Amino acid sequence: MTALSIRDIAEVVKGRLEGPETLEIIGAAGLEEATGQEISFFHNMKYVDSLKTTKAGAVLIPEKTNGTELSKDKTWVRVANPQWAFAQVLSILYPNRQNPPIPGVHGKAIVDPTAKIETGARIGALAVIEAGAVIGADSVIYPSVYIGARSRVGAGSIIYPHVVLREDTEVGARAIIHAGTVIGADGYGFVTQQGRHHKIPQVGKVVIEDDVEIGANVTIDRATTGETRIGAGTKIDNLVHIAHNVHIGRDCLIVAQVGVSGSTTVGNRVTLAGQVGVIGHLTIGDGAIIAAQSGIMNDVAPGEVLFGSPARPHREAMKLQAVFGKLPDMYDTLRQLKKKILP
Amino acid sequence: MTALSIRDIAEVVKGRLEGPETLEIIGAAGLEEATGQEISFFHNMKYVDSLKTTKAGAVLIPEKTNGTELSKDKTWVRVANPQWAFAQVLSILYPNRQNPPIPGVHGKAIVDPTAKIETGARIGALAVIEAGAVIGADSVIYPSVYIGARSRVGAGSIIYPHVVLREDTEVGARAIIHAGTVIGADGYGFVTQQGRHHKIPQVGKVVIEDDVEIGANVTIDRATTGETRIGAGTKIDNLVHIAHNVHIGRDCLIVAQVGVSGSTTVGNRVTLAGQVGVIGHLTIGDGAIIAAQSGIMNDVAPGEVLFGSPARPHREAMKLQAVFGKLPDMYDTLRQLKKKILP
Amino acid sequence: MTALSIRDIAEVVKGRLEGPETLEIIGAAGLEEATGQEISFFHNMKYVDSLKTTKAGAVLIPEKTNGTELSKDKTWVRVANPQWAFAQVLSILYPNRQNPPIPGVHGKAIVDPTAKIETGARIGALAVIEAGAVIGADSVIYPSVYIGARSRVGAGSIIYPHVVLREDTEVGARAIIHAGTVIGADGYGFVTQQGRHHKIPQVGKVVIEDDVEIGANVTIDRATTGETRIGAGTKIDNLVHIAHNVHIGRDCLIVAQVGVSGSTTVGNRVTLAGQVGVIGHLTIGDGAIIAAQSGIMNDVAPGEVLFGSPARPHREAMKLQAVFGKLPDMYDTLRQLKKKILP
């Protein structure tokens, strides 16, 4: 944590200041937690009450926020996108506290002589780098990571402790993989003969493209043949399961505990909210949004918004839920009608 | 496993003996598995059939159990709470079999010179303790645990193999964290600009209070700013996901595979049953009980009991499910009525 | 990857060749990805369009496939079970690429002197093998695995990196356990006194029988007393949770993210599809099939096929879903009828 003047902050975020301009900022917090020397942000009318009562010394607000709502004793910073500005402020207020390994290979790491460690890469203690692996320039391999044979990590990527990349996994540049995640375990593929399940060798691989972030304790299985692929810019939350031969497009949001079954193709900019399940061999179109806990059993057209298990169009699903609540009344009415009309 | 006389056991659990008092007990088991030299317990009328047929040599029973149901050839131990008594018996019958590391720092552990290891703490082989971390007195750090920079583990806590505590994580006293769990990974926070998702730095931390137990392969994310907090005495099962800035109260039960989204506040003594999902920015009141697989999309009042996805009051949800089963009949009746009445 | 003549392949899979017999095969892939020197397979009419357009040089097809559908410029290999044949082809086309540790104990592994490592076993770097553990002949313990005190791994089993077997765990022969999985963590057992939850010691164990495969980041808890058991030949996918004292039968398929609560008994050849939840103390009969995301709250008879949360017979559940979609229409009709008939 460092201290910054509110003027410096305004300059960084290209904001317009209103109110006291001499404030010194020593931290950042949410509207409800922030104190007088901290900066906060406001981006959603849902939190307007918190905006009115916040104790923050300064607040990043949308350019067009109504001035009459703003108390005079605080510093307001008008910006195009307060959340984006807040992200920028966080990165300058809180320089890296993560204590990554120092550049080079830690004396207690175990690196196969045929592995290639590029310039500036950091390999932590007890990391295991197998034969033929390539660790890209300026990437960070935290302690106790396992990088399998011939796997590749692109430049500037960060692999947190206890991640496992099985053999032949490819990770692009500037990727982030959080602790405990397993990439490239065998897909769940069996052929059943007379009631017994026999393993289908899983000889494909996993490709993680550039700028992907993957949460903690996620599992992404290698393909049976060919590849399982996560498109550039996609962000995956914790405890997600991506099965063999799944292809996820670019810039998707895949929230915690989602499961996507084998050979399904997910388009670009798709959102799968928490605990969604998608069965295998489906196609989810670009820009589709699937609400939390939904179960997808059929292809989804681009842009569709679905909810429910099994999922239906969101509007329909919400209406069905509303009528569903009236079922007991409907049942009673129907009984009365039946008594009166039917023999 | 040690052997104990039934009289010694009765004394420990403050129980009243009925039947043979000379029995020697060499183990403990459920009613259906227990054998003649083992002790079992009975606490729920649902299992009364097992009580009648059990082969256990002795059974812990509620004080007021009807004597006529009890065969004369067994030893009965009347106690206030048989389950509690059974827990006590287990701890004396089965002294620690877990072979924790010996006190002190294992020669193959990697401990930063600025870390502080307090008296009686045990640090296993291949554990990595980063700069400024503090490991409390008499705590146990199993092999291959990762403790990030400046993280603290309170006195008497047990951290099982392959747990990852990222930097600045605080764990209280007498906490238990099971293998593979990741605490303090970055929250899932992004700001989207022109279809691309940009990381919001996650500079907050996680605080785990005293007497918390956390299952295996759980993920608890660090806060964006401020803290994610798990209240004292709360027990979390395996594969649970707790997102950034969530606050969980005291003495909650959070069962396997539950997911709680960002910034939600859960009160004290709340039960979230298996696979429940809770969306973000909600408040769940004290003592609420959410049944398995439910989806919580709105605030929950204290003491509410909910079920369903989306969740409704439990009684209503069960009634709806019952009427739901009659839908096809209702549909047929309605068609007949319509045919008869409407033009 | 090696190259094989199509005649050699036909011999291995006991197939009958049709079309060019001089083809050399250098790889295998799905129908849509395969190229001219690759072999694919066709086993399901759902993919007949892909069969017609595939660029594969050779395709494994069911014996009775209609010859008129087959183009003359490709090599067809008629076999009894194309999927099974494909699995065989994969294992000969792709010799092991996994670079397991070499036989013997790696110099950087930490093996207690009382542990027993049998002939041909491979113990990777940074594996920790505790006192009294037994590692069976020809088994493979990848780097950074933790094998607790007195645990046993049977002959020919493969334990991938970062797996944790807590003390007294038994794994049979030819088992495969994927990375990050935790077996034998304490069951989730507490007794509540005056609102506080007290731990019930979990002194039982886990037994994994022969030929079981367990996915990545799975959790299987030890029993309170007695054992949690996974029957021979059962295949478990990623991120599954199996609670204490659960007994799973033989040759089951337990798909990703399933959760089975404590003391439930699952029969043989049961399928639990993705994200299914099963509450505790139930019995699921042999051969039952539970569709994805279902919630099981009652015993299931052998052979039953269920769907929904709470689950109902699959046919009934599908019918209910169909009628459910008509609810708003039903509601409107009912209102009209009511207006017309009831006072």
# chains A, B, ... in the order shown; residues from 1 in each chain; ligands from 1
>>> closest_atom_pairs(of="chain C", to="chain B", cutoff="6 Å", atoms="only C-alpha atoms", output="CSV")
residue,atom,partner,partner_atom,distance
C:Val191,CA,B:Trp84,CA,5.8
C:Arg196,CA,B:Asp251,CA,6.0
C:Ile200,CA,B:Ala87,CA,4.7
C:Thr225,CA,B:Ala29,CA,5.3
>>> write_last_selection(atoms="all heavy atoms", output="short mmCIF file (atom, residue, chain, number, x, y, z; two decimals), in the first residue's frame")
data_model
loop_
_atom_site.label_atom_id
_atom_site.label_comp_id
_atom_site.auth_asym_id
_atom_site.auth_seq_id
_atom_site.Cartn_x
_atom_site.Cartn_y
_atom_site.Cartn_z
N VAL C 191 -21.54 -33.00 16.21
CA VAL C 191 -22.69 -33.08 17.10
C VAL C 191 -22.89 -31.67 17.65
O VAL C 191 -21.94 -31.00 18.06
CB VAL C 191 -22.49 -34.14 18.20
CG1 VAL C 191 -21.19 -33.96 18.95
CG2 VAL C 191 -23.67 -34.15 19.16
N ARG C 196 -23.51 -24.95 19.17
CA ARG C 196 -22.12 -25.08 18.71
C ARG C 196 -21.89 -26.48 18.19
O ARG C 196 -22.42 -27.45 18.72
CB ARG C 196 -21.15 -24.77 19.86
CG ARG C 196 -21.44 -23.40 20.49
CD ARG C 196 -20.19 -22.60 20.75
NE ARG C 196 -19.25 -22.65 19.65
CZ ARG C 196 -17.96 -22.37 19.76
NH1 ARG C 196 -17.46 -22.05 20.93
NH2 ARG C 196 -17.16 -22.43 18.70
N ILE C 200 -17.03 -34.88 15.57
CA ILE C 200 -17.03 -36.31 15.86
C ILE C 200 -15.78 -36.89 15.22
O ILE C 200 -15.60 -36.79 14.00
CB ILE C 200 -18.29 -36.99 15.27
CG1 ILE C 200 -19.55 -36.37 15.88
CG2 ILE C 200 -18.24 -38.50 15.49
CD1 ILE C 200 -20.85 -36.86 15.24
N THR C 225 -16.77 -44.41 11.53
CA THR C 225 -16.18 -45.70 11.94
C THR C 225 -16.44 -46.64 10.77
O THR C 225 -17.36 -46.41 9.98
CB THR C 225 -16.86 -46.28 13.20
OG1 THR C 225 -18.25 -46.46 12.91
CG2 THR C 225 -16.69 -45.38 14.40
#
>>> select_by_dssp(residues="region 123-326 of chain C", states="strand (DSSP E)", output="MDAnalysis selection string")
chainID C and resid 123 128:129 134:135 140:141 146:147 152:153 158:159 164:165 170:171 176:177 182:185 190:193 196:199 205:208 213:214 219:221 227:230 235:236 241:242 247:248 253:254 259:260 265:266 271:272 277:278 283:284 289:290 295:296 305:307 312:313
>>> residues_around(residues="Ile279 (chain B)", least_positions_apart="2", cutoff="10 Å", atoms="only C-alpha atoms", output="MDAnalysis selection string")
(chainID A and resid 273:274 292) or (chainID B and resid 259:264 277 281:283 295:299)
>>> residues_around(residues="Thr35 (chain C)", least_positions_apart="4", cutoff="12 Å", atoms="only C-alpha atoms", output="number ranges by chain")
A: 226; C: 25-31, 39-40, 53-59, 74
>>> write_last_selection(atoms="N, CA, C and O atoms", output="PDB file, in the first residue's frame")
ATOM      1  N   GLY A 226      -7.169 -35.002 -30.491  1.00  0.00           N
ATOM      2  CA  GLY A 226      -7.320 -33.578 -30.794  1.00  0.00           C
ATOM      3  C   GLY A 226      -7.129 -32.749 -29.545  1.00  0.00           C
ATOM      4  O   GLY A 226      -6.242 -33.014 -28.745  1.00  0.00           O
TER       5      GLY A 226
ATOM      6  N   ILE C  25      -1.529 -45.409 -41.519  1.00  0.00           N
ATOM      7  CA  ILE C  25      -2.236 -44.557 -40.546  1.00  0.00           C
ATOM      8  C   ILE C  25      -1.220 -43.948 -39.578  1.00  0.00           C
ATOM      9  O   ILE C  25      -0.421 -44.659 -38.972  1.00  0.00           O
ATOM     10  N   ILE C  26      -1.265 -42.625 -39.435  1.00  0.00           N
ATOM     11  CA  ILE C  26      -0.309 -41.980 -38.513  1.00  0.00           C
ATOM     12  C   ILE C  26      -0.991 -41.323 -37.308  1.00  0.00           C
ATOM     13  O   ILE C  26      -0.340 -40.723 -36.462  1.00  0.00           O
ATOM     14  N   GLY C  27      -2.322 -41.421 -37.264  1.00  0.00           N
ATOM     15  CA  GLY C  27      -2.988 -40.819 -36.113  1.00  0.00           C
ATOM     16  C   GLY C  27      -4.456 -41.192 -36.083  1.00  0.00           C
ATOM     17  O   GLY C  27      -4.962 -41.869 -36.992  1.00  0.00           O
ATOM     18  N   ALA C  28      -5.152 -40.774 -35.044  1.00  0.00           N
ATOM     19  CA  ALA C  28      -6.574 -41.050 -34.873  1.00  0.00           C
ATOM     20  C   ALA C  28      -7.277 -39.776 -34.440  1.00  0.00           C
ATOM     21  O   ALA C  28      -6.689 -38.945 -33.751  1.00  0.00           O
ATOM     22  N   ALA C  29      -8.526 -39.635 -34.877  1.00  0.00           N
ATOM     23  CA  ALA C  29      -9.266 -38.417 -34.520  1.00  0.00           C
ATOM     24  C   ALA C  29     -10.755 -38.659 -34.699  1.00  0.00           C
ATOM     25  O   ALA C  29     -11.178 -39.674 -35.272  1.00  0.00           O
ATOM     26  N   GLY C  30     -11.562 -37.718 -34.209  1.00  0.00           N
ATOM     27  CA  GLY C  30     -12.998 -37.766 -34.421  1.00  0.00           C
ATOM     28  C   GLY C  30     -13.326 -37.604 -35.904  1.00  0.00           C
ATOM     29  O   GLY C  30     -12.503 -37.141 -36.696  1.00  0.00           O
ATOM     30  N   LEU C  31     -14.549 -37.950 -36.295  1.00  0.00           N
ATOM     31  CA  LEU C  31     -14.943 -37.900 -37.712  1.00  0.00           C
ATOM     32  C   LEU C  31     -14.729 -36.517 -38.307  1.00  0.00           C
ATOM     33  O   LEU C  31     -14.325 -36.382 -39.461  1.00  0.00           O
ATOM     34  N   ILE C  39      -7.269 -42.386 -38.717  1.00  0.00           N
ATOM     35  CA  ILE C  39      -8.401 -43.299 -38.600  1.00  0.00           C
ATOM     36  C   ILE C  39      -9.415 -42.714 -37.619  1.00  0.00           C
ATOM     37  O   ILE C  39      -9.039 -42.043 -36.659  1.00  0.00           O
ATOM     38  N   SER C  40     -10.699 -42.928 -37.905  1.00  0.00           N
ATOM     39  CA  SER C  40     -11.753 -42.447 -37.014  1.00  0.00           C
ATOM     40  C   SER C  40     -12.711 -43.606 -36.721  1.00  0.00           C
ATOM     41  O   SER C  40     -12.429 -44.750 -37.090  1.00  0.00           O
ATOM     42  N   THR C  53     -19.272 -36.893 -44.490  1.00  0.00           N
ATOM     43  CA  THR C  53     -18.375 -35.803 -44.902  1.00  0.00           C
ATOM     44  C   THR C  53     -16.965 -35.943 -44.344  1.00  0.00           C
ATOM     45  O   THR C  53     -16.108 -35.103 -44.612  1.00  0.00           O
ATOM     46  N   THR C  54     -16.730 -36.965 -43.566  1.00  0.00           N
ATOM     47  CA  THR C  54     -15.420 -37.077 -42.920  1.00  0.00           C
ATOM     48  C   THR C  54     -14.286 -37.152 -43.949  1.00  0.00           C
ATOM     49  O   THR C  54     -14.453 -37.709 -45.036  1.00  0.00           O
ATOM     50  N   LYS C  55     -13.159 -36.586 -43.587  1.00  0.00           N
ATOM     51  CA  LYS C  55     -11.966 -36.650 -44.425  1.00  0.00           C
ATOM     52  C   LYS C  55     -11.003 -37.731 -43.935  1.00  0.00           C
ATOM     53  O   LYS C  55      -9.883 -37.858 -44.442  1.00  0.00           O
ATOM     54  N   ALA C  56     -11.459 -38.513 -42.952  1.00  0.00           N
ATOM     55  CA  ALA C  56     -10.603 -39.579 -42.414  1.00  0.00           C
ATOM     56  C   ALA C  56     -10.198 -40.547 -43.515  1.00  0.00           C
ATOM     57  O   ALA C  56     -10.997 -40.855 -44.411  1.00  0.00           O
ATOM     58  N   GLY C  57      -8.974 -41.041 -43.442  1.00  0.00           N
ATOM     59  CA  GLY C  57      -8.533 -42.044 -44.400  1.00  0.00           C
ATOM     60  C   GLY C  57      -9.201 -43.386 -44.174  1.00  0.00           C
ATOM     61  O   GLY C  57      -9.449 -44.133 -45.137  1.00  0.00           O
ATOM     62  N   ALA C  58      -9.497 -43.690 -42.941  1.00  0.00           N
ATOM     63  CA  ALA C  58     -10.132 -44.961 -42.594  1.00  0.00           C
ATOM     64  C   ALA C  58     -11.097 -44.741 -41.448  1.00  0.00           C
ATOM     65  O   ALA C  58     -10.894 -43.845 -40.624  1.00  0.00           O
ATOM     66  N   VAL C  59     -12.166 -45.552 -41.441  1.00  0.00           N
ATOM     67  CA  VAL C  59     -13.162 -45.418 -40.373  1.00  0.00           C
ATOM     68  C   VAL C  59     -13.563 -46.806 -39.867  1.00  0.00           C
ATOM     69  O   VAL C  59     -13.885 -47.691 -40.663  1.00  0.00           O
ATOM     70  N   LYS C  74     -12.437 -44.491 -49.517  1.00  0.00           N
ATOM     71  CA  LYS C  74     -11.962 -44.592 -48.135  1.00  0.00           C
ATOM     72  C   LYS C  74     -11.830 -46.050 -47.744  1.00  0.00           C
ATOM     73  O   LYS C  74     -12.468 -46.916 -48.329  1.00  0.00           O
TER      74      LYS C  74
END
>>> select_by_dssp(residues="region 79-319 of chain C", states="helix (DSSP H, G or I)", output="count of residues only")
18
>>> atom_distance(atom1="CA of Gly204 (chain C)", atom2="CA of Gly154 (chain C)")
19.6 Å
